[in-house]
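Peer 1: Dropping in run_25.cif, with mmCIF, C-alpha atoms.
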data_structure
loop_
_atom_site.label_atom_id
_atom_site.label_comp_id
_atom_site.auth_asym_id
_atom_site.auth_seq_id
_atom_site.Cartn_x
_atom_site.Cartn_y
_atom_site.Cartn_z
CA PRO A 1 41.10 -12.46 0.81
CA GLU A 2 39.79 -13.46 4.23
CA GLU A 3 37.70 -10.31 4.65
CA TRP A 4 33.89 -10.71 4.49
CA ILE A 5 33.01 -7.14 3.47
CA GLY A 6 34.03 -7.40 -0.19
CA PRO A 7 31.99 -10.52 -0.99
CA ASN A 8 29.08 -9.13 1.07
CA ASN A 9 29.15 -5.99 -1.09
CA VAL A 10 29.29 -8.09 -4.27
CA ALA A 11 26.20 -9.97 -3.04
CA TYR A 12 24.49 -6.61 -2.45
CA VAL A 13 25.26 -5.51 -6.02
CA HIS A 14 23.82 -8.77 -7.37
CA LEU A 15 20.71 -8.22 -5.24
CA MET A 16 20.26 -4.68 -6.58
CA LYS A 17 20.63 -5.98 -10.14
CA GLY A 18 17.85 -8.53 -9.49
CA GLU A 19 20.28 -11.44 -9.46
CA THR A 20 19.00 -12.77 -6.16
CA ASP A 21 20.15 -16.36 -6.68
CA LYS A 22 23.75 -15.18 -7.15
CA ALA A 23 23.48 -13.05 -4.02
CA ILE A 24 22.08 -15.97 -2.01
CA GLY A 25 24.93 -18.21 -3.16
CA ILE A 26 27.58 -15.74 -2.04
CA LEU A 27 25.83 -15.01 1.27
CA LYS A 28 25.30 -18.68 2.13
CA GLU A 29 28.99 -19.30 1.54
CA LEU A 30 29.86 -16.31 3.72
CA LYS A 31 27.47 -17.45 6.44
CA GLU A 32 29.30 -20.79 6.63
CA LYS A 33 32.57 -18.93 7.31
CA TYR A 34 31.03 -16.21 9.50
CA PRO A 35 27.88 -17.68 11.07
CA ASN A 36 27.60 -14.92 13.67
CA ASN A 37 27.99 -11.92 11.38
CA LYS A 38 24.79 -9.87 11.71
CA SER A 39 25.25 -8.10 8.36
CA ILE A 40 25.59 -11.31 6.40
CA VAL A 41 22.63 -12.92 8.18
CA ASN A 42 20.53 -9.78 7.66
CA ASN A 43 21.36 -9.60 3.95
CA LEU A 44 20.44 -13.24 3.57
CA GLY A 45 17.07 -12.37 5.11
CA VAL A 46 16.60 -9.66 2.49
CA CYS A 47 17.32 -12.21 -0.24
CA PHE A 48 14.80 -14.63 1.23
CA ARG A 49 12.21 -11.84 1.37
CA ARG A 50 12.84 -11.01 -2.28
CA THR A 51 12.37 -14.65 -3.26
CA LYS A 52 9.18 -14.88 -1.18
CA LYS A 53 10.65 -17.35 1.30
CA TYR A 54 9.13 -15.46 4.18
CA ASP A 55 9.66 -18.10 6.87
CA LYS A 56 13.38 -18.14 6.06
CA ALA A 57 13.41 -14.33 6.04
CA PHE A 58 11.86 -14.26 9.53
CA GLU A 59 14.44 -16.83 10.71
CA SER A 60 17.33 -14.79 9.31
CA TYR A 61 16.03 -11.58 10.84
CA ASP A 62 15.53 -13.27 14.22
CA LYS A 63 19.11 -14.57 14.09
CA ALA A 64 20.48 -11.16 13.03
CA LYS A 65 18.52 -9.53 15.86
CA SER A 66 20.00 -11.98 18.36
CA LEU A 67 23.42 -10.90 17.06
CA GLY A 68 22.63 -7.23 17.69
CA ALA A 69 21.11 -6.03 14.42
CA LYS A 70 18.11 -3.72 14.45
CA GLU A 71 15.55 -5.74 12.54
CA ALA A 72 12.21 -4.12 13.38
CA ASN A 73 11.76 -2.53 9.96
CA ASN A 74 12.79 -5.64 8.02
CA VAL A 75 10.40 -7.80 10.03
CA ALA A 76 7.63 -5.24 9.50
CA ILE A 77 8.17 -5.36 5.73
CA VAL A 78 7.84 -9.16 5.74
CA ASN A 79 4.67 -8.78 7.80
CA ILE A 80 3.25 -6.65 4.98
CA HIS A 81 3.97 -9.48 2.54
CA VAL A 82 2.21 -12.04 4.73
CA ALA A 83 -0.80 -9.73 5.28
CA LYS A 84 -0.15 -9.10 8.97
CA TYR A 85 -0.80 -5.38 8.68
CA ASP A 86 -1.29 -4.68 12.39
CA ALA A 87 2.01 -6.38 13.16
CA ALA A 88 3.66 -4.43 10.35
CA VAL A 89 2.37 -1.06 11.53
CA ASN A 90 3.31 -1.82 15.12
CA GLY A 91 6.69 -3.21 14.10
CA PHE A 92 8.06 -0.17 12.31
CA GLU A 93 10.09 2.31 14.31
CA SER A 94 7.68 4.97 15.56
CA SER A 95 9.60 7.86 13.97
CA ARG A 96 9.96 6.14 10.60
CA CYS A 97 8.56 8.01 7.60
CA ASP A 98 8.71 5.91 4.46
CA TYR A 99 6.70 4.18 1.78
CA ASN A 100 6.55 0.79 3.50
CA LYS A 101 5.11 2.16 6.72
CA ALA A 102 2.57 4.25 4.78
CA LEU A 103 1.68 1.18 2.70
CA ALA A 104 1.08 -0.87 5.85
CA TYR A 105 -1.30 1.80 7.15
CA CYS A 106 -3.07 1.95 3.79
CA LEU A 107 -3.49 -1.83 3.63
CA LYS A 108 -4.83 -1.71 7.17
CA LYS A 109 -7.31 0.94 5.92
CA ASP A 110 -5.96 3.54 8.33
CA TYR A 111 -5.84 6.26 5.70
CA ASP A 112 -5.25 9.17 8.09
CA ASN A 113 -2.02 7.62 9.36
CA ALA A 114 -1.05 6.54 5.85
CA LYS A 115 -1.37 10.14 4.69
CA LYS A 116 0.51 11.48 7.75
CA THR A 117 3.31 9.02 7.12
CA ILE A 118 3.60 10.01 3.47
CA GLU A 119 3.54 13.69 4.40
CA CYS A 120 6.51 13.29 6.74
CA ILE A 121 8.69 11.71 4.02
CA GLU A 122 11.25 14.44 3.28
CA THR A 123 12.07 13.60 -0.33
CA LYS A 124 9.07 11.92 -1.90
CA SER A 125 9.44 9.55 -4.84
CA ALA A 126 6.96 8.92 -7.61
CA ASP A 127 5.79 5.82 -5.72
CA ASP A 128 5.19 7.89 -2.59
CA PHE A 129 2.98 10.29 -4.53
CA TYR A 130 1.22 7.37 -6.22
CA LEU A 131 0.37 5.85 -2.85
CA ARG A 132 -0.79 9.28 -1.70
CA ALA A 133 -3.09 9.38 -4.75
CA ILE A 134 -4.52 6.00 -3.74
CA VAL A 135 -5.19 7.35 -0.25
CA GLY A 136 -6.98 10.28 -1.90
CA ALA A 137 -9.07 7.93 -4.05
CA ARG A 138 -10.01 5.71 -1.12
CA THR A 139 -11.01 8.67 1.05
CA ASP A 140 -12.85 10.43 -1.76
CA ASP A 141 -10.41 13.36 -1.65
CA LEU A 142 -10.27 14.11 -5.37
CA ASP A 143 -7.93 17.08 -4.90
CA LEU A 144 -5.39 14.94 -3.03
CA MET A 145 -5.73 12.20 -5.64
CA GLY A 146 -5.31 14.55 -8.60
CA THR A 147 -2.41 16.59 -7.28
CA SER A 148 -0.62 13.44 -6.12
CA LEU A 149 -1.00 11.70 -9.48
CA THR A 150 0.23 14.82 -11.26
CA ARG A 151 3.34 14.95 -9.07
CA ALA A 152 3.93 11.21 -9.48
CA VAL A 153 3.78 11.49 -13.27
CA LYS A 154 6.17 14.47 -13.21
CA LEU A 155 8.69 12.29 -11.41
CA ASP A 156 8.07 9.16 -13.50
CA ALA A 157 6.14 9.45 -16.77
CA SER A 158 5.49 5.69 -16.89
CA ILE A 159 3.08 6.10 -13.99
CA ARG A 160 0.55 7.65 -16.34
CA ASP A 161 -0.02 4.29 -18.06
CA ARG A 162 -0.05 2.45 -14.74
CA ALA A 163 -2.70 4.80 -13.32
CA LYS A 164 -4.91 4.43 -16.40
CA LYS A 165 -5.18 0.68 -15.72
CA ASP A 166 -5.40 0.91 -11.93
CA ASN A 167 -8.86 0.17 -10.52
CA GLU A 168 -8.11 2.54 -7.62
CA PHE A 169 -8.84 5.45 -9.94
CA ARG A 170 -11.95 4.23 -11.75
#
Please render this file's structure as structure tokens.
Peer 2:
Amino acid sequence: PEEWIGPNNVAYVHLMKGETDKAIGILKELKEKYPNNKSIVNNLGVCFRRTKKYDKAFESYDKAKSLGAKEANNVAIVNIHVAKYDAAVNGFESSRCDYNKALAYCLKKDYDNAKKTIECIETKSADDFYLRAIVGARTDDLDLMGTSLTRAVKLDASIRDRAKKDNEFR
């Protein structure tokens, strides 16, 4: 009953179910008992990011970092949300290949690096292919756009309707 891992995991489940307020309640209670636990502080930062309390997210990530957590990627994701794209791109781990890093490059209008980052993602999701299609549209590479949209729709049929309404593809 005095272990922190169980309640931390329950908070994570609530967060994944979109029940962020429940997760925050559990994590705040845990933080009172374990104020120097980097996992709890980090997870609280994720909750704050999800509720758009970016200043609190930065504070939590800074605290978790001071406790030994690797927070570069979390901080970079918040920088995307607050439109600090240079800081986001520079904040991600250099070897990282994922959607968020590619998105930061795309928002920064560095389409070559956005495409390179998407290409190095080993198992691409529908969202990865969708972002790749946007890069194709913005760089006037119709082949890249078309093949990427096709692959995105194969992975998630609902993307077809999303793409029809998206100004990126007009």
Peer 1: Return as a list in words the set of residues that the PyMOL selection byres ((chain A and resi 156-164) around 12) yields on the displayed structure.
Peer 2: Lys124, Ser125, Ala126, Asp127, Asp128, Phe129, Tyr130, Leu131, Ala133, Ile134, Ala137, Met145, Gly146, Ser148, Leu149, Thr150, Arg151, Ala152, Val153, Lys154, Leu155, Lys165, Asp166, Asn167, Glu168, Phe169 and Arg170 of chain A
Peer 1: Take the PyMOL selection byres ((chain A and resi 100-107) around 7), apply it to the structure above, and return the hits as a count of residues only.
Peer 2: 17
Peer 1: Using the chain letters and numbers from the file, give me the residues hit by the PyMOL selection byres ((chain A and resi 35-52) around 7), as an NGL selection string.
Peer 2: :A and (8 or 20 or 24 or 27 or 31-34 or 53-54 or 56-57 or 60-61 or 64 or 67-69 or 78)
Peer 1: Just how far from CA of Asp86 (chain A) is CA of Asp112 (chain A), in Å to one decimal?
Peer 2: 15.0 Å
Peer 1: Grab the CA of Glu71 (chain A) to CA of Thr123 (chain A) distance for me, in Å with one decimal place.
Peer 2: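 Going from CA of Glu71 (chain A) over to CA of Thr123 (chain A), I get 23.5 Å.
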Peer 1: I'd like the interatomic distance between CA of Val82 (chain A) and CA of Phe58 (chain A), to a tenth of an Å.
Peer 2: 11.0 Å
